[in-house]
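Engineer: To be precise about what I am sending: the file is called entry.csv and holds CSV, C-alpha atoms and all ligand atoms.
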```
chain,number,residue,atom,x,y,z
A,1,MET,CA,-12.3,-39.7,-49.2
A,2,SER,CA,-10.9,-42.9,-48.0
A,3,ARG,CA,-11.0,-42.3,-44.3
A,4,THR,CA,-12.5,-44.9,-42.1
A,5,ILE,CA,-14.1,-44.9,-38.7
A,6,LEU,CA,-11.4,-45.8,-36.2
A,7,GLY,CA,-11.9,-47.0,-32.7
A,8,GLU,CA,-12.1,-50.1,-30.7
A,9,SER,CA,-14.4,-48.9,-27.9
A,10,PRO,CA,-17.8,-50.7,-27.5
A,11,ALA,CA,-19.5,-47.4,-28.6
A,12,VAL,CA,-17.6,-47.5,-31.9
A,13,LYS,CA,-18.2,-51.2,-32.4
A,14,ASP,CA,-21.9,-50.7,-31.9
A,15,LEU,CA,-21.8,-47.8,-34.4
A,16,LEU,CA,-20.0,-49.9,-37.0
A,17,LYS,CA,-22.5,-52.7,-36.5
A,18,LEU,CA,-25.4,-50.3,-37.0
A,19,ILE,CA,-23.8,-48.8,-40.1
A,20,GLY,CA,-23.4,-52.3,-41.5
A,21,ARG,CA,-27.0,-53.1,-40.9
A,22,VAL,CA,-28.4,-49.9,-42.5
A,23,ALA,CA,-26.0,-49.6,-45.4
A,24,GLY,CA,-27.9,-52.1,-47.5
A,25,SER,CA,-31.2,-50.4,-47.4
A,26,LYS,CA,-32.4,-47.0,-48.7
A,27,THR,CA,-34.1,-46.0,-45.5
A,28,ASN,CA,-33.8,-42.4,-44.4
A,29,LEU,CA,-31.4,-41.9,-41.6
A,30,LEU,CA,-30.8,-39.2,-39.0
A,31,VAL,CA,-27.4,-38.9,-37.5
A,32,ILE,CA,-27.1,-36.9,-34.4
A,33,GLY,CA,-24.1,-36.1,-32.3
A,34,GLU,CA,-22.0,-33.3,-31.0
A,35,SER,CA,-19.8,-31.2,-33.3
A,36,GLY,CA,-16.7,-33.1,-34.5
A,37,THR,CA,-17.9,-36.6,-33.6
A,38,GLY,CA,-17.9,-37.9,-37.2
A,39,LYS,CA,-21.4,-37.4,-38.4
A,40,GLU,CA,-20.3,-36.7,-42.0
A,41,LEU,CA,-17.9,-39.6,-41.9
A,42,VAL,CA,-20.7,-41.9,-40.8
A,43,ALA,CA,-22.9,-40.7,-43.6
A,44,ARG,CA,-20.1,-41.3,-46.2
A,45,MET,CA,-19.4,-44.7,-44.8
A,46,ILE,CA,-23.0,-45.7,-45.0
A,47,HIS,CA,-23.1,-44.5,-48.6
A,48,GLU,CA,-19.9,-46.2,-49.6
A,49,SER,CA,-20.6,-49.5,-48.0
A,50,GLY,CA,-24.0,-49.9,-49.6
A,51,PRO,CA,-25.4,-50.6,-53.0
A,52,LEU,CA,-25.4,-46.9,-54.0
A,53,LYS,CA,-21.6,-46.6,-53.6
A,54,ASP,CA,-21.0,-45.9,-57.3
A,55,LYS,CA,-23.7,-43.3,-57.3
A,56,PRO,CA,-23.3,-39.7,-56.2
A,57,PHE,CA,-22.9,-38.7,-52.6
A,58,ILE,CA,-24.0,-35.0,-52.4
A,59,PRO,CA,-23.4,-33.2,-49.1
A,60,VAL,CA,-25.2,-30.0,-48.4
A,61,ASN,CA,-24.8,-27.8,-45.4
A,62,CYS,CA,-28.3,-26.5,-44.8
A,63,GLY,CA,-26.9,-23.9,-42.3
A,64,ALA,CA,-24.6,-22.3,-44.8
A,65,ILE,CA,-26.9,-21.4,-47.7
A,66,PRO,CA,-28.5,-17.9,-47.6
A,67,GLU,CA,-32.2,-18.3,-46.8
A,68,ASN,CA,-33.4,-16.9,-50.1
A,69,LEU,CA,-31.3,-19.3,-52.1
A,70,ILE,CA,-32.0,-22.5,-50.3
A,71,GLU,CA,-34.9,-23.5,-52.5
A,72,SER,CA,-33.1,-22.9,-55.7
A,73,GLU,CA,-30.0,-24.7,-54.4
A,74,MET,CA,-32.0,-27.8,-53.4
A,75,PHE,CA,-34.4,-28.0,-56.3
A,76,GLY,CA,-32.8,-25.9,-59.0
A,77,HIS,CA,-34.5,-23.1,-61.0
A,78,ARG,CA,-35.8,-22.3,-64.5
A,79,ARG,CA,-34.1,-19.6,-66.4
A,80,GLY,CA,-35.5,-16.2,-65.6
A,81,SER,CA,-37.5,-17.4,-62.6
A,82,PHE,CA,-36.0,-14.7,-60.5
A,83,THR,CA,-33.5,-11.9,-60.9
A,84,GLY,CA,-30.2,-13.5,-61.3
A,85,ALA,CA,-31.5,-16.8,-62.6
A,86,VAL,CA,-29.8,-16.2,-65.9
A,87,SER,CA,-29.7,-19.8,-66.9
A,88,GLU,CA,-31.4,-23.1,-66.0
A,89,LYS,CA,-29.9,-24.6,-62.9
A,90,MET,CA,-30.0,-28.2,-61.6
A,91,GLY,CA,-30.6,-28.5,-57.9
A,92,LEU,CA,-28.9,-30.8,-55.4
A,93,PHE,CA,-31.9,-33.2,-55.3
A,94,GLU,CA,-31.4,-33.9,-59.0
A,95,ALA,CA,-27.6,-34.1,-58.7
A,96,ALA,CA,-28.0,-36.7,-56.0
A,97,ASN,CA,-30.5,-38.7,-58.0
A,98,GLY,CA,-29.8,-42.4,-57.6
A,99,GLY,CA,-27.4,-41.8,-54.8
A,100,THR,CA,-27.4,-40.2,-51.4
A,101,LEU,CA,-28.3,-36.6,-50.4
A,102,PHE,CA,-26.6,-35.7,-47.2
A,103,LEU,CA,-28.5,-32.9,-45.5
A,104,ASP,CA,-26.0,-31.6,-43.0
A,105,GLU,CA,-27.1,-29.2,-40.2
A,106,VAL,CA,-30.7,-30.0,-41.1
A,107,GLY,CA,-31.8,-28.3,-37.8
A,108,GLU,CA,-30.9,-24.9,-39.4
A,109,LEU,CA,-33.5,-25.1,-42.2
A,110,PRO,CA,-36.1,-22.3,-42.1
A,111,LEU,CA,-39.7,-23.5,-41.5
A,112,ASN,CA,-40.9,-22.6,-45.0
A,113,MET,CA,-38.2,-24.7,-46.5
A,114,GLN,CA,-39.0,-27.6,-44.2
A,115,VAL,CA,-42.4,-27.8,-45.7
A,116,LYS,CA,-41.0,-28.1,-49.2
A,117,LEU,CA,-38.4,-30.6,-48.1
A,118,LEU,CA,-41.1,-32.7,-46.5
A,119,ARG,CA,-43.0,-33.0,-49.8
A,120,ALA,CA,-39.8,-33.8,-51.7
A,121,ILE,CA,-38.8,-36.5,-49.2
A,122,GLN,CA,-42.3,-38.0,-48.8
A,123,GLU,CA,-43.2,-38.2,-52.5
A,124,ARG,CA,-39.7,-38.1,-54.0
A,125,VAL,CA,-41.0,-35.4,-56.3
A,126,PHE,CA,-40.2,-31.7,-56.5
A,127,ARG,CA,-40.5,-28.7,-58.8
A,128,LYS,CA,-37.8,-26.3,-59.8
A,129,VAL,CA,-38.2,-22.7,-58.8
A,130,GLY,CA,-40.3,-21.2,-61.6
A,131,GLY,CA,-41.0,-24.6,-63.0
A,132,ASN,CA,-44.4,-26.3,-63.5
A,133,ASP,CA,-43.6,-29.9,-63.9
A,134,ASP,CA,-42.9,-32.5,-61.3
A,135,ILE,CA,-39.4,-34.0,-61.4
A,136,LYS,CA,-39.1,-37.5,-59.9
A,137,VAL,CA,-36.1,-38.6,-58.1
A,138,ASP,CA,-35.0,-41.8,-56.4
A,139,LEU,CA,-32.5,-41.1,-53.6
A,140,ARG,CA,-31.6,-41.8,-50.1
A,141,ILE,CA,-31.6,-39.0,-47.5
A,142,ILE,CA,-29.2,-38.9,-44.7
A,143,ALA,CA,-29.7,-35.9,-42.4
A,144,ALA,CA,-27.5,-34.8,-39.6
A,145,THR,CA,-27.5,-32.3,-36.8
A,146,ASN,CA,-25.8,-31.4,-33.6
A,147,ARG,CA,-29.0,-29.8,-32.3
A,148,ASP,CA,-31.6,-31.3,-30.1
A,149,LEU,CA,-34.3,-31.7,-32.7
A,150,GLU,CA,-36.9,-33.0,-30.3
A,151,ALA,CA,-36.5,-29.8,-28.3
A,152,ALA,CA,-36.8,-27.8,-31.6
A,153,VAL,CA,-40.0,-29.7,-32.4
A,154,ALA,CA,-41.3,-28.9,-28.9
A,155,LYS,CA,-40.4,-25.2,-29.4
A,156,GLY,CA,-42.0,-25.2,-32.9
A,157,THR,CA,-38.9,-24.3,-34.8
A,158,PHE,CA,-38.7,-27.8,-36.4
A,159,ARG,CA,-41.7,-29.5,-38.0
A,160,GLU,CA,-42.7,-32.6,-36.3
A,161,ASP,CA,-43.8,-34.4,-39.5
A,162,LEU,CA,-40.4,-33.7,-41.1
A,163,TYR,CA,-38.7,-34.9,-37.9
A,164,TYR,CA,-40.4,-38.3,-38.1
A,165,ARG,CA,-39.9,-38.6,-41.8
A,166,LEU,CA,-36.1,-38.1,-41.4
A,167,ASN,CA,-35.8,-40.1,-38.2
A,168,VAL,CA,-36.7,-43.5,-39.5
A,169,ILE,CA,-33.5,-44.8,-38.1
A,170,LEU,CA,-31.5,-42.8,-35.6
A,171,ILE,CA,-27.7,-43.1,-35.4
A,172,LYS,CA,-25.9,-41.4,-32.6
A,173,THR,CA,-22.2,-40.6,-32.8
A,174,PRO,CA,-20.7,-40.8,-29.4
A,175,PRO,CA,-18.6,-37.9,-27.9
A,176,LEU,CA,-14.9,-38.7,-27.6
A,177,ARG,CA,-15.1,-38.3,-23.8
A,178,GLU,CA,-17.3,-41.3,-23.6
A,179,ARG,CA,-14.7,-43.4,-25.4
A,180,THR,CA,-11.4,-42.3,-24.0
A,181,GLY,CA,-10.1,-45.7,-24.8
A,182,ASP,CA,-9.9,-44.7,-28.4
A,183,VAL,CA,-7.9,-41.5,-27.9
A,184,GLU,CA,-4.5,-43.2,-28.1
A,185,LEU,CA,-5.3,-45.1,-31.3
A,186,LEU,CA,-6.8,-42.0,-32.9
A,187,ALA,CA,-3.9,-39.7,-31.9
A,188,LYS,CA,-1.4,-42.2,-33.3
A,189,SER,CA,-3.3,-42.6,-36.5
A,190,PHE,CA,-3.6,-38.8,-37.0
A,191,LEU,CA,0.1,-38.4,-36.1
A,192,HIS,CA,1.0,-40.9,-38.8
A,193,ARG,CA,-1.2,-39.4,-41.4
A,194,ILE,CA,-0.4,-35.7,-40.7
A,195,SER,CA,3.4,-36.3,-40.4
A,196,THR,CA,3.5,-38.4,-43.6
A,197,ARG,CA,1.6,-35.6,-45.4
A,198,SER,CA,4.1,-33.0,-44.1
A,199,LYS,CA,7.0,-35.3,-44.8
A,200,ARG,CA,8.1,-35.5,-41.2
A,201,SER,CA,8.8,-38.5,-39.2
A,202,PHE,CA,7.7,-39.1,-35.6
A,203,GLU,CA,8.2,-42.0,-33.2
A,204,GLY,CA,5.1,-41.1,-31.2
A,205,PHE,CA,4.2,-39.3,-28.0
A,206,THR,CA,6.0,-39.0,-24.7
A,207,PRO,CA,4.1,-40.7,-21.9
A,208,GLU,CA,3.2,-37.3,-20.4
A,209,ALA,CA,1.8,-36.0,-23.7
A,210,LEU,CA,-0.2,-39.2,-24.2
A,211,ALA,CA,-1.5,-39.0,-20.6
A,212,ALA,CA,-2.6,-35.4,-21.1
A,213,LEU,CA,-4.4,-36.3,-24.3
A,214,ILE,CA,-6.2,-39.1,-22.6
A,215,ALA,CA,-7.2,-37.0,-19.6
A,216,HIS,CA,-8.7,-34.2,-21.7
A,217,SER,CA,-12.4,-34.1,-22.2
A,218,TRP,CA,-12.4,-33.1,-25.9
A,219,PRO,CA,-15.4,-30.7,-26.1
A,220,GLY,CA,-14.6,-30.4,-29.8
A,221,ASN,CA,-14.3,-34.2,-30.1
A,222,ILE,CA,-12.3,-35.9,-32.9
A,223,ARG,CA,-12.0,-32.7,-35.0
A,224,GLU,CA,-10.3,-31.1,-31.9
A,225,LEU,CA,-8.0,-34.0,-31.5
A,226,GLU,CA,-7.0,-33.9,-35.2
A,227,ASN,CA,-6.3,-30.2,-34.9
A,228,VAL,CA,-4.2,-30.6,-31.7
A,229,ILE,CA,-2.1,-33.2,-33.5
A,230,GLU,CA,-1.7,-31.1,-36.5
A,231,ARG,CA,-0.5,-28.2,-34.4
A,232,ALA,CA,1.9,-30.4,-32.4
A,233,VAL,CA,3.4,-31.7,-35.6
A,234,THR,CA,4.0,-28.2,-36.7
A,235,LEU,CA,5.5,-27.0,-33.4
A,236,GLU,CA,7.5,-30.0,-32.5
A,237,ALA,CA,11.1,-29.8,-33.6
A,238,GLY,CA,12.1,-33.3,-32.4
A,239,ASN,CA,10.7,-36.6,-33.4
A,240,LEU,CA,8.5,-37.2,-30.3
A,241,ILE,CA,5.5,-35.2,-29.5
A,242,MET,CA,6.0,-33.7,-26.1
A,243,LYS,CA,3.4,-32.2,-23.8
A,244,GLU,CA,4.9,-28.8,-24.4
A,245,SER,CA,3.7,-29.0,-28.0
A,246,LEU,CA,0.1,-29.4,-26.9
A,247,PRO,CA,-2.1,-26.4,-26.5
A,248,LEU,CA,-3.1,-25.1,-23.1
A,249,THR,CA,-6.7,-26.1,-23.7
A,250,VAL,CA,-5.7,-29.7,-23.4
A,251,PHE,CA,-4.6,-29.1,-19.8
A,252,SER,CA,-7.6,-27.0,-18.9
A,253,SER,CA,-10.2,-29.8,-19.5
A,254,PRO,CA,-13.7,-28.6,-19.1
A,255,THR,CA,-15.8,-31.6,-18.3
A,256,VAL,CA,-18.8,-30.8,-20.4
A,257,PRO,CA,-19.1,-30.1,-24.1
A,258,VAL,CA,-18.8,-26.6,-25.6
A,259,SER,CA,-22.5,-26.4,-26.4
A,260,SER,CA,-23.7,-27.0,-22.9
A,261,ARG,CA,-21.3,-25.1,-20.8
A,262,LYS,CA,-22.5,-21.6,-21.1
A,263,ASN,CA,-21.6,-19.2,-18.4
A,264,GLU,CA,-19.4,-21.5,-16.4
A,265,ILE,CA,-16.1,-20.7,-18.1
A,266,SER,CA,-16.8,-17.1,-19.0
A,267,SER,CA,-14.9,-15.7,-16.0
A,268,ILE,CA,-11.1,-16.1,-16.1
A,269,SER,CA,-9.5,-17.7,-13.2
A,270,LEU,CA,-5.9,-18.1,-13.7
A,271,THR,CA,-5.4,-18.9,-10.0
A,272,GLY,CA,-2.3,-18.3,-8.1
A,273,THR,CA,-0.7,-15.8,-10.5
A,274,ALA,CA,1.4,-13.2,-8.7
A,275,GLY,CA,3.8,-14.5,-6.2
A,276,GLY,CA,2.9,-18.1,-7.0
A,277,SER,CA,2.1,-20.5,-4.3
A,278,ASN,CA,3.6,-23.8,-3.6
A,279,GLY,CA,0.5,-25.8,-4.4
A,280,ASP,CA,0.6,-26.1,-8.2
A,281,SER,CA,-2.9,-25.8,-9.6
A,282,ALA,CA,-3.3,-28.7,-11.9
A,283,GLU,CA,-6.0,-27.0,-13.8
A,284,ILE,CA,-5.9,-23.7,-15.6
A,285,ARG,CA,-9.2,-22.4,-16.7
A,286,LEU,CA,-9.4,-20.2,-19.7
A,287,PRO,CA,-12.2,-17.7,-20.5
A,288,ALA,CA,-14.4,-18.7,-23.4
A,289,PRO,CA,-14.0,-16.0,-26.0
A,290,ASP,CA,-17.2,-14.0,-25.3
A,291,PHE,CA,-17.6,-11.2,-27.7
A,292,SER,CA,-21.0,-10.2,-26.4
A,293,LYS,CA,-19.6,-8.1,-23.6
A,294,GLY,CA,-17.4,-5.9,-25.8
A,295,VAL,CA,-13.9,-6.0,-27.1
A,296,LEU,CA,-11.4,-8.4,-25.7
A,297,ASN,CA,-7.8,-7.8,-25.0
A,298,LEU,CA,-5.9,-10.7,-26.4
A,299,ASP,CA,-2.5,-9.4,-25.4
A,300,ALA,CA,-3.6,-9.0,-21.8
A,301,ILE,CA,-5.0,-12.5,-21.8
A,302,LEU,CA,-1.8,-14.0,-23.2
A,303,ASN,CA,0.2,-11.9,-20.7
A,304,GLU,CA,-1.8,-13.5,-17.9
A,305,ILE,CA,-1.0,-16.9,-19.1
A,306,GLU,CA,2.7,-16.1,-19.5
A,307,LYS,CA,2.8,-14.5,-16.1
A,308,LEU,CA,1.3,-17.6,-14.5
A,309,TYR,CA,3.8,-19.9,-16.1
A,310,LEU,CA,6.8,-17.7,-15.3
A,311,THR,CA,5.9,-17.3,-11.7
A,312,LYS,CA,5.1,-21.0,-11.3
A,313,ALA,CA,8.4,-21.9,-12.9
A,314,LEU,CA,10.3,-19.5,-10.7
A,315,ALA,CA,8.6,-20.7,-7.6
A,316,HIS,CA,9.5,-24.3,-8.6
A,317,SER,CA,13.1,-23.4,-9.2
A,318,GLY,CA,13.6,-21.4,-6.0
A,319,GLY,CA,13.7,-18.1,-7.9
A,320,VAL,CA,16.6,-19.2,-10.1
A,321,LYS,CA,15.9,-17.8,-13.5
A,322,ARG,CA,18.2,-20.1,-15.4
A,323,LYS,CA,16.4,-23.2,-13.9
A,324,ALA,CA,13.0,-21.6,-14.5
A,325,ALA,CA,14.0,-21.0,-18.1
A,326,ASP,CA,15.0,-24.7,-18.5
A,327,LEU,CA,11.6,-25.8,-17.0
A,328,LEU,CA,9.8,-23.7,-19.6
A,329,GLY,CA,12.0,-24.7,-22.5
A,330,ILE,CA,13.2,-21.2,-23.2
A,331,THR,CA,16.6,-19.5,-23.1
A,332,PHE,CA,17.9,-17.4,-20.2
A,333,ARG,CA,17.8,-14.3,-22.4
A,334,SER,CA,14.2,-15.1,-23.2
A,335,ILE,CA,13.1,-15.4,-19.6
A,336,ARG,CA,14.9,-12.3,-18.6
A,337,TYR,CA,13.2,-10.4,-21.4
A,338,ARG,CA,9.8,-11.7,-20.5
A,339,LEU,CA,10.2,-11.0,-16.8
A,340,THR,CA,11.1,-7.4,-17.5
A,341,LYS,CA,8.3,-7.1,-20.0
A,342,LEU,CA,5.7,-8.3,-17.6
A,343,GLY,CA,7.2,-6.4,-14.7
A,344,ILE,CA,7.8,-9.5,-12.6
A,345,ASP,CA,10.1,-8.7,-9.7
A,346,THR,CA,12.7,-11.4,-8.9
A,347,ALA,CA,14.8,-10.2,-6.1
A,348,ASN,CA,16.8,-13.3,-5.5
A,349,GLY,CA,18.3,-14.0,-8.8
A,350,SER,CA,21.9,-13.1,-7.8
A,351,GLU,CA,23.5,-16.2,-9.5
A,352,ASP,CA,21.6,-15.5,-12.7
A,353,THR,CA,24.0,-13.1,-14.3
A,354,GLU,CA,25.3,-14.1,-17.7
A,401,LIG,N1,-14.1,-42.6,-35.7
A,401,LIG,C1,-13.3,-41.8,-36.4
A,401,LIG,N2,-12.1,-42.2,-36.8
A,401,LIG,C2,-11.2,-41.4,-37.5
A,401,LIG,N3,-11.5,-40.2,-37.9
A,401,LIG,C3,-12.7,-39.7,-37.5
A,401,LIG,C4,-13.6,-40.4,-36.8
A,401,LIG,N4,-14.7,-39.7,-36.5
A,401,LIG,C5,-14.4,-38.5,-37.1
A,401,LIG,N5,-13.2,-38.5,-37.7
A,401,LIG,C6,-12.6,-37.3,-38.3
A,401,LIG,O1,-12.9,-36.2,-37.5
A,401,LIG,C7,-13.2,-35.0,-38.3
A,401,LIG,C8,-14.6,-34.6,-37.9
A,401,LIG,O2,-15.6,-35.5,-38.4
A,401,LIG,P1,-16.9,-35.0,-39.2
A,401,LIG,O3,-16.7,-33.8,-40.0
A,401,LIG,O4,-17.5,-36.2,-39.8
A,401,LIG,O5,-17.7,-34.6,-37.8
A,401,LIG,P2,-19.1,-33.9,-37.7
A,401,LIG,O6,-19.8,-34.6,-36.6
A,401,LIG,O7,-19.8,-33.8,-39.1
A,401,LIG,O8,-18.7,-32.5,-37.2
A,401,LIG,P3,-19.5,-31.1,-37.3
A,401,LIG,O9,-20.8,-31.2,-36.5
A,401,LIG,O10,-18.5,-30.1,-36.8
A,401,LIG,O11,-19.8,-30.9,-38.8
A,401,LIG,C9,-13.1,-35.5,-39.7
A,401,LIG,O12,-11.8,-35.1,-40.2
A,401,LIG,C10,-13.2,-37.0,-39.7
A,401,LIG,O13,-12.5,-37.6,-40.7
A,402,MG,MG,-20.3,-32.1,-40.2
```
The structure in this file should be written as structure tokens.

Structural biologist:
Amino acid sequence: MSRTILGESPAVKDLLKLIGRVAGSKTNLLVIGESGTGKELVARMIHESGPLKDKPFIPVNCGAIPENLIESEMFGHRRGSFTGAVSEKMGLFEAANGGTLFLDEVGELPLNMQVKLLRAIQERVFRKVGGNDDIKVDLRIIAATNRDLEAAVAKGTFREDLYYRLNVILIKTPPLRERTGDVELLAKSFLHRISTRSKRSFEGFTPEALAALIAHSWPGNIRELENVIERAVTLEAGNLIMKESLPLTVFSSPTVPVSSRKNEISSISLTGTAGGSNGDSAEIRLPAPDFSKGVLNLDAILNEIEKLYLTKALAHSGGVKRKAADLLGITFRSIRYRLTKLGIDTANGSEDTE
């Protein structure tokens, strides 16, 4: 993994400075930040720029291990210590010995495991499941979470003593919307990397595409940006990324991160659909996929979006289908097919015969 933390915003410069300062020590660190802001990248960079760089860096996603296996994953087990323990197993603490153990999603650990972890971290000693002797390790712990751990402590779902033990130094990864100045640089760098990997060559972005990227609020942060560029590289036939190759979500910028906007977007409002009005709505809100209320109808949702674009384009082109098709980047046959499919009535398309 040779990726580096890119960015020239003050927030990133501060982050890099802090990484430089902590890399040399073996202090425990807690990295917090929204999803996709680079928490794992920060942890790797700290490891790689410090004295432990030639030692192992072992990442473990605490939220992904089944509860009954966490202890054995972390500490290992003796042969025969439980059904299925057919051979002796080394745990992640031992594997990371001398290096860094990256406890990702640490907020997901069940309480009973938090107690065991506390001891291991405090005393640098643990026992394998089914084992009687203490095993000593010397490692650095970097923990990460996108949860509000203080709130979890207040609620009693995260142990206060463990929180303070991990949080010797706190590093916050800033959300992308707080450093929009970095969007262009990141987008260009991802475009370069992804296009090289897929043996394509791009000159860059059109000004409109770039403006849309900069205006978006990026609730999924850098990971979302990376995915958007990857998608655009796949969809774009030319050698410039146009705004048409960006997903709708980029134009429907919610202003708050995914985690904190609960009900707000759950109702669809594709305003101005049928008939279309003259005032183009600059923003299209999409419903958050909410499966709690029953089965969704993807076709109906997509039809709504299609309808909105078709009616807007027709309104814009004075009802002339051929022009509307050009606006949408589709062929005349295609718009005719879609209008029929969606039952959109276009009375004044007299010149639109083939
Ligand atoms: N400053 C940056 N410069 C370049 N790439 C970055 C930067 N920050 C993050 N990335 C990239 O964005 C992606 C997401 O980063 P990472 O996995 O570290 O985020 P995370 O905070 O751990 O996310 P999650 O909470 O979803 O696990 C990765 O591909 C990473 O390489
Ligand atoms: Mg992560």

Engineer: Kindly indicate which residue among A:Arg21, A:Glu178, A:Leu52, A:Ile222 lies nearest to ligand MG 402 (chain A), using all atoms listed in the file for the distances.

Structural biologist: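 For ligand MG 402 (chain A), the nearest of the candidates is A:Ile222.
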
Engineer: Any residue with an atom at most 10 Å from ligand LIG 401 (chain A) counts, using all atoms listed in the file. Which are they? Put them as a ChimeraX atom specification.

Structural biologist: /A:1-8,12,15-16,31-44,61,104-105,144-147,172-176,182-183,185-187,189-190,220-227

Engineer: So that I can see what lies close to Glu67 in chain A, please list as a list in words the residues with an atom at most 9 Å from it, counting only C-alpha atoms and leaving out residues fewer than 2 positions away in the same chain.

Structural biologist: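 Within the cut-off, the hits are Gly63, Ala64, Ile65, Leu69, Ile70, Glu71, Leu109, Pro110 and Met113 of chain A.
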
Engineer: Find the residues around Lys128 in chain A up to 10 Å (all atoms listed in the file counted), leave out those fewer than 6 positions away in its own chain, and share them as JSON, numbers by chain.

Structural biologist: {"A": [71, 72, 73, 74, 75, 76, 77, 78, 81, 88, 89, 90, 91, 94, 134, 135]}

Engineer: Just the number, please: distance in Å from CA of Lys321 in chain A to CA of Arg336 in chain A, one decimal.

Structural biologist: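 That distance, rounded to one decimal, is 7.6 Å.
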
Engineer: With 3 Å of padding per side, what axis-aligned box (centre and edge lengths, Å, one decimal) covers all the listed atoms of range 196-214 of chain A? Give it as lines of an AutoDock Vina configuration file.

Structural biologist:
```
center_x = 1.3
center_y = -37.5
center_z = -32.9
size_x = 21.0
size_y = 15.0
size_z = 31.0
```

Engineer: What is the CA of Ile46 in chain A-CA of Thr180 in chain A distance in Å, reported with one decimal?

Structural biologist: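 Rounded to one decimal, the two atoms are 24.2 Å apart.
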
Engineer: How many Å separate CA of Phe102 in chain A from CA of Phe57 in chain A?

Structural biologist: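 Distance between the two atoms: 7.2 Å.
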
Engineer: Rank A:Arg197, A:Lys155, A:Arg127, A:Arg165 by their smallest atom-to-atom distance to Gln114 in chain A, using all atoms listed in the file, and report the top residue only.

Structural biologist: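 Ranking A:Arg197, A:Lys155, A:Arg127, A:Arg165 by distance to Gln114 in chain A, first place goes to A:Arg165.
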
Engineer: Using all atoms listed in the file, find the one residue out of A:Glu160, A:Thr311, A:Ala237, A:Val60 that sits nearest to ligand MG 402 (chain A).

Structural biologist: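 That would be A:Val60, the residue with the smallest distance to ligand MG 402 (chain A).
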
Engineer: For ligand MG 402 (chain A), which residue out of A:Leu111, A:Ile241, A:Val106, A:Ile344 is the nearest one, using all atoms listed in the file?

Structural biologist: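 Between A:Leu111, A:Ile241, A:Val106, A:Ile344, the residue approaching ligand MG 402 (chain A) most closely is A:Val106.
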
Engineer: Would you pick out the contacts of Glu244 in chain A at 12 Å or less, using only C-alpha atoms, so that residues sharing its chain but fewer than 5 positions from it are not included, and give the list as a PyMOL selection string?

Structural biologist: chain A and resi 205-206+208-210+212-213+228+231-233+235-238+249-251+327-330

Engineer: Measuring atom to atom with all atoms listed in the file, identify which of A:Lys341, A:Ala120, A:Ser87, A:Thr100 is nearest to Leu29 in chain A.

Structural biologist: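 Checking each of A:Lys341, A:Ala120, A:Ser87, A:Thr100 against Leu29 in chain A, counting all atoms listed in the file, the winner is A:Thr100.
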
Engineer: Output range 138-149 of chain A as a PDB file, in the coordinates of the input, making sure N, CA and C atoms are there.

Structural biologist:
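Below is the file that was written, selection16.pdb:
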```
ATOM      1  N   ASP A 138     -35.057 -40.593 -57.225  1.00  0.00           N
ATOM      2  CA  ASP A 138     -35.000 -41.800 -56.400  1.00  0.00           C
ATOM      3  C   ASP A 138     -33.646 -41.649 -55.649  1.00  0.00           C
ATOM      4  N   LEU A 139     -33.720 -41.309 -54.382  1.00  0.00           N
ATOM      5  CA  LEU A 139     -32.500 -41.100 -53.600  1.00  0.00           C
ATOM      6  C   LEU A 139     -32.676 -41.461 -52.177  1.00  0.00           C
ATOM      7  N   ARG A 140     -31.558 -41.597 -51.521  1.00  0.00           N
ATOM      8  CA  ARG A 140     -31.600 -41.800 -50.100  1.00  0.00           C
ATOM      9  C   ARG A 140     -31.227 -40.520 -49.385  1.00  0.00           C
ATOM     10  N   ILE A 141     -31.940 -40.232 -48.299  1.00  0.00           N
ATOM     11  CA  ILE A 141     -31.600 -39.000 -47.500  1.00  0.00           C
ATOM     12  C   ILE A 141     -30.986 -39.390 -46.222  1.00  0.00           C
ATOM     13  N   ILE A 142     -29.827 -38.844 -46.005  1.00  0.00           N
ATOM     14  CA  ILE A 142     -29.200 -38.900 -44.700  1.00  0.00           C
ATOM     15  C   ILE A 142     -29.154 -37.513 -44.126  1.00  0.00           C
ATOM     16  N   ALA A 143     -29.781 -37.276 -43.002  1.00  0.00           N
ATOM     17  CA  ALA A 143     -29.700 -35.900 -42.400  1.00  0.00           C
ATOM     18  C   ALA A 143     -28.875 -35.991 -41.160  1.00  0.00           C
ATOM     19  N   ALA A 144     -28.277 -34.861 -40.814  1.00  0.00           N
ATOM     20  CA  ALA A 144     -27.500 -34.800 -39.600  1.00  0.00           C
ATOM     21  C   ALA A 144     -27.649 -33.500 -38.885  1.00  0.00           C
ATOM     22  N   THR A 145     -27.463 -33.542 -37.597  1.00  0.00           N
ATOM     23  CA  THR A 145     -27.500 -32.300 -36.800  1.00  0.00           C
ATOM     24  C   THR A 145     -26.851 -32.481 -35.486  1.00  0.00           C
ATOM     25  N   ASN A 146     -26.352 -31.364 -34.944  1.00  0.00           N
ATOM     26  CA  ASN A 146     -25.800 -31.400 -33.600  1.00  0.00           C
ATOM     27  C   ASN A 146     -26.813 -30.769 -32.626  1.00  0.00           C
ATOM     28  N   ARG A 147     -27.988 -30.453 -33.142  1.00  0.00           N
ATOM     29  CA  ARG A 147     -29.000 -29.800 -32.300  1.00  0.00           C
ATOM     30  C   ARG A 147     -29.921 -30.885 -31.705  1.00  0.00           C
ATOM     31  N   ASP A 148     -30.598 -30.497 -30.655  1.00  0.00           N
ATOM     32  CA  ASP A 148     -31.600 -31.300 -30.100  1.00  0.00           C
ATOM     33  C   ASP A 148     -32.899 -31.112 -30.849  1.00  0.00           C
ATOM     34  N   LEU A 149     -33.132 -31.950 -31.847  1.00  0.00           N
ATOM     35  CA  LEU A 149     -34.300 -31.700 -32.700  1.00  0.00           C
ATOM     36  C   LEU A 149     -35.605 -31.915 -32.007  1.00  0.00           C
TER      37      LEU A 149
END
```
